[in-house]
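Student: The structure under discussion is supplied below as structure tokens; questions concerning it will follow.
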Amino acid sequence: MREVSCAVLAGGTSSRFGKDKALLQVDGQMLIQRVVDRLSKISNDVLIVGNNLGRFEGVRARLVEDRVQGAGALGGVYTAVEACRHPYVFCAACDMPFLDLNLIRYMVLLAPGYDVVMPYVRGEPEPLHAVYGKACAPAIKAALDAGERRIISFLAQVRVRDVREDEIRILDPNLHSFFNLNVPEDLARMQAILEAQKTQA
């Protein structure tokens with residue numbers, strides 16, 4: 001699948017976690033490299049979006065500086081949409097170690113005719129595991145110019161395909177795709193999922 005770019009958003013401060021999550025070691029590999037390697041299996045255009053990008057030297061991805069500083073995740077999505085080389089870009093957070101490639105492929109297949117493909121888990125949107133079209137750029141820029149920082153702030157202005165939880169669970173029954181590291185206690189849960197996956201392999 002080559003018609004989609006993939007962007008790993010690494011502009012957060014990791015303030016709740018206490019240290020840079022992107023640089024954590026997971027099975028002997030930096031977490032962000034694990035995410036990049038996974039996405040490289042479905043795209044020939046994988047980029048890391050953020051700031052202080054020197055810390056990712058050696059990671060096999062295109063490094064793209066945030067185009068709007070201090071604009072949070074919405075600014076990261078805007079940068080990804082502007083910088084991607086394909087009509088659509090899948091955006092994920094840098095701390096999501098269990099991305100399911102079949103789910104991402106399914107979401108990309110849904111994208112034609114829409115500007116955003118947005119999953120909903122437990123009734124809540126998952127904007128850091130979503131597909132965005134380049135056509136979104138003007139609506140995102142308008143939201144940023146209005147002072148918005150929430151990714152979902154511009155959705156009313158574009159065509160959105162919601163992906164329901166029952167659709168998601170067909171491909172990712174445990175919803176592990178949406179697991180991310182918020183607080184240090186999440187490390188133990190991540191390790192438990194890793195061990196379970198090794199047992200099933």
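Following the order of the structure tokens, first chain is A, next is B, and so on, with residues numbered from 1 inside each chain and ligands from 1 in the order they appear.
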Near stretch 36-44 of chain A, within 12 Å and counting only C-alpha atoms, which residues show up once chain neighbours fewer than 3 positions away are dropped, as an NGL selection string?

Tutor: :A and (1-10 or 22 or 29-33 or 47-49 or 56 or 58-63 or 84-86 or 88-106 or 108 or 177)

Student: Just to be explicit: take each residue in the selection above, keep C-alpha atoms, and write the result as a PDB file, in the first residue's frame.

Tutor:
```pdb
ATOM      1  CA  MET A   1       0.000   0.000   0.000  1.00  0.00           C
ATOM      2  CA  ARG A   2       1.855   3.039  -1.257  1.00  0.00           C
ATOM      3  CA  GLU A   3      -0.810   5.710  -1.687  1.00  0.00           C
ATOM      4  CA  VAL A   4      -0.704   6.821   1.943  1.00  0.00           C
ATOM      5  CA  SER A   5       1.918   8.640   3.962  1.00  0.00           C
ATOM      6  CA  CYS A   6       2.352   7.943   7.668  1.00  0.00           C
ATOM      7  CA  ALA A   7       3.240  10.566  10.265  1.00  0.00           C
ATOM      8  CA  VAL A   8       4.405   9.912  13.813  1.00  0.00           C
ATOM      9  CA  LEU A   9       3.634  12.937  15.981  1.00  0.00           C
ATOM     10  CA  ALA A  10       6.390  13.529  18.515  1.00  0.00           C
ATOM     11  CA  ALA A  22       9.610   8.439  22.221  1.00  0.00           C
ATOM     12  CA  GLN A  29      14.533  -0.749  20.408  1.00  0.00           C
ATOM     13  CA  MET A  30      13.529   2.899  20.776  1.00  0.00           C
ATOM     14  CA  LEU A  31       9.755   3.167  20.953  1.00  0.00           C
ATOM     15  CA  ILE A  32       9.580   5.676  18.097  1.00  0.00           C
ATOM     16  CA  GLN A  33      11.739   3.420  15.901  1.00  0.00           C
ATOM     17  CA  LEU A  47       7.741  11.116   8.693  1.00  0.00           C
ATOM     18  CA  ILE A  48       8.303  12.188  12.266  1.00  0.00           C
ATOM     19  CA  VAL A  49       6.693  15.526  13.050  1.00  0.00           C
ATOM     20  CA  PHE A  56      15.827  11.224  16.549  1.00  0.00           C
ATOM     21  CA  GLY A  58      19.491   7.714  13.187  1.00  0.00           C
ATOM     22  CA  VAL A  59      15.759   6.901  13.156  1.00  0.00           C
ATOM     23  CA  ARG A  60      14.811   5.769   9.668  1.00  0.00           C
ATOM     24  CA  ALA A  61      12.182   8.370   8.822  1.00  0.00           C
ATOM     25  CA  ARG A  62      11.841  11.832   7.317  1.00  0.00           C
ATOM     26  CA  LEU A  63      12.137  14.467  10.067  1.00  0.00           C
ATOM     27  CA  CYS A  84       3.081  14.371   3.248  1.00  0.00           C
ATOM     28  CA  ARG A  85       3.854  13.167  -0.285  1.00  0.00           C
ATOM     29  CA  HIS A  86       0.594  11.274  -0.834  1.00  0.00           C
ATOM     30  CA  TYR A  88      -3.667  10.976   2.562  1.00  0.00           C
ATOM     31  CA  VAL A  89      -1.612  10.666   5.709  1.00  0.00           C
ATOM     32  CA  PHE A  90      -2.190   8.327   8.638  1.00  0.00           C
ATOM     33  CA  CYS A  91      -1.271  10.155  11.856  1.00  0.00           C
ATOM     34  CA  ALA A  92      -0.317   8.331  15.045  1.00  0.00           C
ATOM     35  CA  ALA A  93       1.199   9.335  18.353  1.00  0.00           C
ATOM     36  CA  CYS A  94       4.793   8.317  18.998  1.00  0.00           C
ATOM     37  CA  ASP A  95       3.835   6.272  22.070  1.00  0.00           C
ATOM     38  CA  MET A  96       1.527   3.714  20.402  1.00  0.00           C
ATOM     39  CA  PRO A  97       3.561   0.458  20.270  1.00  0.00           C
ATOM     40  CA  PHE A  98       0.789  -1.876  19.079  1.00  0.00           C
ATOM     41  CA  LEU A  99      -0.488  -0.333  15.840  1.00  0.00           C
ATOM     42  CA  ASP A 100      -2.425  -2.876  13.794  1.00  0.00           C
ATOM     43  CA  LEU A 101      -1.468  -2.614  10.126  1.00  0.00           C
ATOM     44  CA  ASN A 102      -4.641  -4.311   8.894  1.00  0.00           C
ATOM     45  CA  LEU A 103      -6.762  -1.773  10.746  1.00  0.00           C
ATOM     46  CA  ILE A 104      -4.756   1.077   9.229  1.00  0.00           C
ATOM     47  CA  ARG A 105      -5.106  -0.457   5.753  1.00  0.00           C
ATOM     48  CA  TYR A 106      -8.862  -0.756   6.286  1.00  0.00           C
ATOM     49  CA  VAL A 108      -7.084   3.977   4.222  1.00  0.00           C
ATOM     50  CA  SER A 177      -3.930  -0.209  18.565  1.00  0.00           C
TER      51      SER A 177
END
```

Student: If we count only C-alpha atoms, what is near A:Val117 at a cut-off of 8 Å, once residues fewer than 2 positions away on the same chain are taken out, given as JSON, numbers by chain?

Tutor: {"A": [107, 108, 110, 111, 114, 115, 119, 130, 131, 132, 160, 161, 162, 163]}

Student: Any chance you can output those residues with N, CA and C atoms as a PDB file, in the first residue's frame?

Tutor:
```
ATOM      1  N   MET A 107      -8.722   1.497   7.202  1.00  0.00           N
ATOM      2  CA  MET A 107      -9.079   2.915   7.293  1.00  0.00           C
ATOM      3  C   MET A 107      -8.682   3.660   6.019  1.00  0.00           C
ATOM      4  N   VAL A 108      -7.523   3.324   5.458  1.00  0.00           N
ATOM      5  CA  VAL A 108      -7.084   3.977   4.222  1.00  0.00           C
ATOM      6  C   VAL A 108      -8.023   3.623   3.069  1.00  0.00           C
ATOM      7  N   LEU A 110     -11.099   3.166   3.270  1.00  0.00           N
ATOM      8  CA  LEU A 110     -12.344   3.926   3.455  1.00  0.00           C
ATOM      9  C   LEU A 110     -12.210   5.389   3.019  1.00  0.00           C
ATOM     10  N   ALA A 111     -10.975   5.860   2.867  1.00  0.00           N
ATOM     11  CA  ALA A 111     -10.722   7.295   2.739  1.00  0.00           C
ATOM     12  C   ALA A 111     -11.263   7.960   1.468  1.00  0.00           C
ATOM     13  N   TYR A 114     -13.753  11.029   1.335  1.00  0.00           N
ATOM     14  CA  TYR A 114     -13.758  11.692   2.644  1.00  0.00           C
ATOM     15  C   TYR A 114     -12.460  12.466   2.843  1.00  0.00           C
ATOM     16  N   ASP A 115     -12.485  13.395   3.790  1.00  0.00           N
ATOM     17  CA  ASP A 115     -11.282  14.151   4.150  1.00  0.00           C
ATOM     18  C   ASP A 115     -10.614  13.581   5.395  1.00  0.00           C
ATOM     19  N   PRO A 119     -11.563   6.952  13.879  1.00  0.00           N
ATOM     20  CA  PRO A 119     -12.099   5.877  14.717  1.00  0.00           C
ATOM     21  C   PRO A 119     -12.708   6.412  16.008  1.00  0.00           C
ATOM     22  N   ALA A 130      -5.723   8.317  13.079  1.00  0.00           N
ATOM     23  CA  ALA A 130      -6.719   8.684  12.073  1.00  0.00           C
ATOM     24  C   ALA A 130      -6.036   9.014  10.747  1.00  0.00           C
ATOM     25  N   VAL A 131      -6.835   8.991   9.693  1.00  0.00           N
ATOM     26  CA  VAL A 131      -6.357   9.297   8.346  1.00  0.00           C
ATOM     27  C   VAL A 131      -6.876  10.684   7.954  1.00  0.00           C
ATOM     28  N   TYR A 132      -5.970  11.525   7.451  1.00  0.00           N
ATOM     29  CA  TYR A 132      -6.313  12.888   7.057  1.00  0.00           C
ATOM     30  C   TYR A 132      -5.911  13.109   5.599  1.00  0.00           C
ATOM     31  N   VAL A 160     -16.202  13.592   7.001  1.00  0.00           N
ATOM     32  CA  VAL A 160     -15.607  12.630   7.940  1.00  0.00           C
ATOM     33  C   VAL A 160     -16.295  11.274   7.821  1.00  0.00           C
ATOM     34  N   ARG A 161     -15.497  10.234   7.757  1.00  0.00           N
ATOM     35  CA  ARG A 161     -16.015   8.861   7.845  1.00  0.00           C
ATOM     36  C   ARG A 161     -15.687   8.337   9.236  1.00  0.00           C
ATOM     37  N   ASP A 162     -16.703   8.191  10.061  1.00  0.00           N
ATOM     38  CA  ASP A 162     -16.509   7.608  11.386  1.00  0.00           C
ATOM     39  C   ASP A 162     -16.287   6.101  11.255  1.00  0.00           C
ATOM     40  N   VAL A 163     -15.361   5.581  12.046  1.00  0.00           N
ATOM     41  CA  VAL A 163     -15.136   4.140  12.096  1.00  0.00           C
ATOM     42  C   VAL A 163     -15.606   3.665  13.465  1.00  0.00           C
TER      43      VAL A 163
END
```

Student: Do you know which residues are at most 8 Å from stretch 154-156 of chain A counting only C-alpha atoms, after dropping those on the same chain fewer than 2 positions away, and could you put them as a PyMOL selection string?

Tutor: chain A and resi 116+139-140+143+151-152+158-160

Student: Can you list, as a list of chain:residue names, every protein, DNA or RNA residue that comes within 12 Å of stretch 187-201 of chain A when you count only C-alpha atoms, leaving out same-chain residues fewer than 5 positions away?

Tutor: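 Everything that qualifies: A:Phe17, A:Lys21, A:Leu24, A:Gln25, A:Val26, A:Asp27, A:Leu31, A:Asp95, A:Met96, A:Pro97, A:Phe98, A:Asn174, A:Leu175, A:His176, A:Ser177, A:Phe178, A:Phe179, A:Asn180, A:Leu181, A:Asn182.
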
Student: Taking into account only C-alpha atoms, which residue in the set A:Asp20, A:Val121, A:Gly11, A:Ala83 is nearest to A:Val183?

Tutor: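 Under the stated criterion, the closest residue is A:Asp20.
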
Student: Atom CA of A:Gly28 and atom CA of A:Ala80, how far apart in Å?

Tutor: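 Atom CA of A:Gly28 lies at a distance of 28.0 Å from atom CA of A:Ala80.
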
Student: DSSP on the backbone, then: every residue of stretch 16-118 of chain A marked alpha helix (DSSP H), written as JSON, numbers by chain.

Tutor: {"A": [31, 32, 33, 34, 35, 36, 37, 38, 39, 72, 73, 74, 75, 76, 77, 78, 79, 80, 81, 82, 83, 101, 102, 103, 104, 105, 106, 107, 108, 109, 110]}

Student: When DSSP is applied to the backbone of this structure, which of chain A are assigned strand (DSSP E or B)? Write them out as a PDB file with N, CA and C atoms, in the first residue's frame.

Tutor:
```
ATOM      1  N   VAL A   4      -0.495   6.110   0.690  1.00  0.00           N
ATOM      2  CA  VAL A   4      -0.704   6.821   1.943  1.00  0.00           C
ATOM      3  C   VAL A   4       0.646   7.118   2.585  1.00  0.00           C
ATOM      4  N   SER A   5       0.766   8.313   3.129  1.00  0.00           N
ATOM      5  CA  SER A   5       1.918   8.640   3.962  1.00  0.00           C
ATOM      6  C   SER A   5       1.571   8.290   5.406  1.00  0.00           C
ATOM      7  N   CYS A   6       2.572   8.193   6.243  1.00  0.00           N
ATOM      8  CA  CYS A   6       2.352   7.943   7.668  1.00  0.00           C
ATOM      9  C   CYS A   6       3.180   8.939   8.468  1.00  0.00           C
ATOM     10  N   ALA A   7       2.555   9.579   9.435  1.00  0.00           N
ATOM     11  CA  ALA A   7       3.240  10.566  10.265  1.00  0.00           C
ATOM     12  C   ALA A   7       3.172  10.149  11.728  1.00  0.00           C
ATOM     13  N   VAL A   8       4.318  10.183  12.382  1.00  0.00           N
ATOM     14  CA  VAL A   8       4.405   9.912  13.813  1.00  0.00           C
ATOM     15  C   VAL A   8       4.573  11.262  14.499  1.00  0.00           C
ATOM     16  N   LEU A   9       3.597  11.625  15.332  1.00  0.00           N
ATOM     17  CA  LEU A   9       3.634  12.937  15.981  1.00  0.00           C
ATOM     18  C   LEU A   9       4.413  12.832  17.289  1.00  0.00           C
ATOM     19  N   ALA A  10       5.491  13.614  17.361  1.00  0.00           N
ATOM     20  CA  ALA A  10       6.390  13.529  18.515  1.00  0.00           C
ATOM     21  C   ALA A  10       6.659  14.913  19.095  1.00  0.00           C
ATOM     22  N   GLN A  25      13.044   2.445  25.630  1.00  0.00           N
ATOM     23  CA  GLN A  25      13.457   1.187  25.014  1.00  0.00           C
ATOM     24  C   GLN A  25      12.328   0.153  25.151  1.00  0.00           C
ATOM     25  N   VAL A  26      11.940  -0.420  24.031  1.00  0.00           N
ATOM     26  CA  VAL A  26      10.921  -1.473  24.009  1.00  0.00           C
ATOM     27  C   VAL A  26      11.524  -2.665  23.284  1.00  0.00           C
ATOM     28  N   GLN A  29      14.666  -1.701  21.513  1.00  0.00           N
ATOM     29  CA  GLN A  29      14.533  -0.749  20.408  1.00  0.00           C
ATOM     30  C   GLN A  29      13.823   0.506  20.915  1.00  0.00           C
ATOM     31  N   MET A  30      14.232   1.680  20.404  1.00  0.00           N
ATOM     32  CA  MET A  30      13.529   2.899  20.776  1.00  0.00           C
ATOM     33  C   MET A  30      12.066   2.797  20.359  1.00  0.00           C
ATOM     34  N   VAL A  46       7.283   7.823   5.430  1.00  0.00           N
ATOM     35  CA  VAL A  46       7.037   7.874   6.877  1.00  0.00           C
ATOM     36  C   VAL A  46       7.803   9.069   7.446  1.00  0.00           C
ATOM     37  N   LEU A  47       7.097   9.932   8.142  1.00  0.00           N
ATOM     38  CA  LEU A  47       7.741  11.116   8.693  1.00  0.00           C
ATOM     39  C   LEU A  47       7.506  11.233  10.192  1.00  0.00           C
ATOM     40  N   ILE A  48       8.450  11.836  10.851  1.00  0.00           N
ATOM     41  CA  ILE A  48       8.303  12.188  12.266  1.00  0.00           C
ATOM     42  C   ILE A  48       8.110  13.692  12.322  1.00  0.00           C
ATOM     43  N   VAL A  49       7.028  14.110  12.951  1.00  0.00           N
ATOM     44  CA  VAL A  49       6.693  15.526  13.050  1.00  0.00           C
ATOM     45  C   VAL A  49       6.871  15.965  14.497  1.00  0.00           C
ATOM     46  N   GLY A  50       7.573  17.073  14.704  1.00  0.00           N
ATOM     47  CA  GLY A  50       7.745  17.566  16.066  1.00  0.00           C
ATOM     48  C   GLY A  50       8.763  18.683  16.109  1.00  0.00           C
ATOM     49  N   ARG A  62      11.642  10.435   7.696  1.00  0.00           N
ATOM     50  CA  ARG A  62      11.841  11.832   7.317  1.00  0.00           C
ATOM     51  C   ARG A  62      11.481  12.721   8.503  1.00  0.00           C
ATOM     52  N   LEU A  63      12.370  13.603   8.911  1.00  0.00           N
ATOM     53  CA  LEU A  63      12.137  14.467  10.067  1.00  0.00           C
ATOM     54  C   LEU A  63      11.598  15.810   9.593  1.00  0.00           C
ATOM     55  N   VAL A  64      10.435  16.193  10.121  1.00  0.00           N
ATOM     56  CA  VAL A  64       9.765  17.425   9.678  1.00  0.00           C
ATOM     57  C   VAL A  64       9.440  18.285  10.897  1.00  0.00           C
ATOM     58  N   GLU A  65       9.997  19.469  10.930  1.00  0.00           N
ATOM     59  CA  GLU A  65       9.775  20.406  12.037  1.00  0.00           C
ATOM     60  C   GLU A  65       8.339  20.919  12.017  1.00  0.00           C
ATOM     61  N   TYR A  88      -3.209  11.215   1.191  1.00  0.00           N
ATOM     62  CA  TYR A  88      -3.667  10.976   2.562  1.00  0.00           C
ATOM     63  C   TYR A  88      -2.481  10.662   3.451  1.00  0.00           C
ATOM     64  N   VAL A  89      -2.637  10.996   4.729  1.00  0.00           N
ATOM     65  CA  VAL A  89      -1.612  10.666   5.709  1.00  0.00           C
ATOM     66  C   VAL A  89      -2.280  10.065   6.948  1.00  0.00           C
ATOM     67  N   PHE A  90      -1.749   8.919   7.380  1.00  0.00           N
ATOM     68  CA  PHE A  90      -2.190   8.327   8.638  1.00  0.00           C
ATOM     69  C   PHE A  90      -1.347   8.935   9.743  1.00  0.00           C
ATOM     70  N   CYS A  91      -1.986   9.520  10.745  1.00  0.00           N
ATOM     71  CA  CYS A  91      -1.271  10.155  11.856  1.00  0.00           C
ATOM     72  C   CYS A  91      -1.431   9.326  13.122  1.00  0.00           C
ATOM     73  N   ALA A  92      -0.309   9.073  13.784  1.00  0.00           N
ATOM     74  CA  ALA A  92      -0.317   8.331  15.045  1.00  0.00           C
ATOM     75  C   ALA A  92       0.578   9.041  16.038  1.00  0.00           C
ATOM     76  N   ALA A  93       0.309   8.819  17.312  1.00  0.00           N
ATOM     77  CA  ALA A  93       1.199   9.335  18.353  1.00  0.00           C
ATOM     78  C   ALA A  93       2.443   8.464  18.428  1.00  0.00           C
ATOM     79  N   VAL A 116     -11.409  12.937   6.248  1.00  0.00           N
ATOM     80  CA  VAL A 116     -10.884  12.359   7.492  1.00  0.00           C
ATOM     81  C   VAL A 116     -11.555  11.014   7.723  1.00  0.00           C
ATOM     82  N   VAL A 117     -10.765  10.038   8.162  1.00  0.00           N
ATOM     83  CA  VAL A 117     -11.315   8.768   8.637  1.00  0.00           C
ATOM     84  C   VAL A 117     -10.960   8.674  10.113  1.00  0.00           C
ATOM     85  N   MET A 118     -11.993   8.754  10.950  1.00  0.00           N
ATOM     86  CA  MET A 118     -11.796   8.909  12.394  1.00  0.00           C
ATOM     87  C   MET A 118     -12.390   7.739  13.177  1.00  0.00           C
ATOM     88  N   PRO A 119     -11.563   6.952  13.879  1.00  0.00           N
ATOM     89  CA  PRO A 119     -12.099   5.877  14.717  1.00  0.00           C
ATOM     90  C   PRO A 119     -12.708   6.412  16.008  1.00  0.00           C
ATOM     91  N   TYR A 120     -13.694   5.675  16.479  1.00  0.00           N
ATOM     92  CA  TYR A 120     -14.310   5.988  17.776  1.00  0.00           C
ATOM     93  C   TYR A 120     -14.216   4.762  18.665  1.00  0.00           C
ATOM     94  N   VAL A 121     -13.651   4.939  19.846  1.00  0.00           N
ATOM     95  CA  VAL A 121     -13.502   3.855  20.812  1.00  0.00           C
ATOM     96  C   VAL A 121     -14.173   4.278  22.112  1.00  0.00           C
ATOM     97  N   GLU A 124     -15.529   7.732  22.124  1.00  0.00           N
ATOM     98  CA  GLU A 124     -14.647   8.887  22.033  1.00  0.00           C
ATOM     99  C   GLU A 124     -13.820   8.827  20.744  1.00  0.00           C
ATOM    100  N   PRO A 125     -13.600   9.995  20.109  1.00  0.00           N
ATOM    101  CA  PRO A 125     -12.776  10.003  18.898  1.00  0.00           C
ATOM    102  C   PRO A 125     -11.317   9.694  19.224  1.00  0.00           C
ATOM    103  N   HIS A 129      -5.012   8.483  15.812  1.00  0.00           N
ATOM    104  CA  HIS A 129      -4.972   7.207  15.087  1.00  0.00           C
ATOM    105  C   HIS A 129      -5.988   7.355  13.957  1.00  0.00           C
ATOM    106  N   ALA A 130      -5.723   8.317  13.079  1.00  0.00           N
ATOM    107  CA  ALA A 130      -6.719   8.684  12.073  1.00  0.00           C
ATOM    108  C   ALA A 130      -6.036   9.014  10.747  1.00  0.00           C
ATOM    109  N   VAL A 131      -6.835   8.991   9.693  1.00  0.00           N
ATOM    110  CA  VAL A 131      -6.357   9.297   8.346  1.00  0.00           C
ATOM    111  C   VAL A 131      -6.876  10.684   7.954  1.00  0.00           C
ATOM    112  N   TYR A 132      -5.970  11.525   7.451  1.00  0.00           N
ATOM    113  CA  TYR A 132      -6.313  12.888   7.057  1.00  0.00           C
ATOM    114  C   TYR A 132      -5.911  13.109   5.599  1.00  0.00           C
ATOM    115  N   GLY A 133      -6.794  13.758   4.843  1.00  0.00           N
ATOM    116  CA  GLY A 133      -6.486  14.089   3.455  1.00  0.00           C
ATOM    117  C   GLY A 133      -5.835  15.454   3.346  1.00  0.00           C
ATOM    118  N   VAL A 160     -16.202  13.592   7.001  1.00  0.00           N
ATOM    119  CA  VAL A 160     -15.607  12.630   7.940  1.00  0.00           C
ATOM    120  C   VAL A 160     -16.295  11.274   7.821  1.00  0.00           C
ATOM    121  N   ARG A 161     -15.497  10.234   7.757  1.00  0.00           N
ATOM    122  CA  ARG A 161     -16.015   8.861   7.845  1.00  0.00           C
ATOM    123  C   ARG A 161     -15.687   8.337   9.236  1.00  0.00           C
ATOM    124  N   ASP A 162     -16.703   8.191  10.061  1.00  0.00           N
ATOM    125  CA  ASP A 162     -16.509   7.608  11.386  1.00  0.00           C
ATOM    126  C   ASP A 162     -16.287   6.101  11.255  1.00  0.00           C
ATOM    127  N   VAL A 163     -15.361   5.581  12.046  1.00  0.00           N
ATOM    128  CA  VAL A 163     -15.136   4.140  12.096  1.00  0.00           C
ATOM    129  C   VAL A 163     -15.606   3.665  13.465  1.00  0.00           C
TER     130      VAL A 163
END
```

Student: Quote the spacing between atom CA of A:Leu144 and atom CA of A:Arg164 in Å to one decimal place.

Tutor: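 So the answer is 27.5 Å.
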
Student: Report, in Å to a single decimal, how far apart atom CA of A:Arg149 and atom CA of A:Gly76 are.

Tutor: 10.1 Å
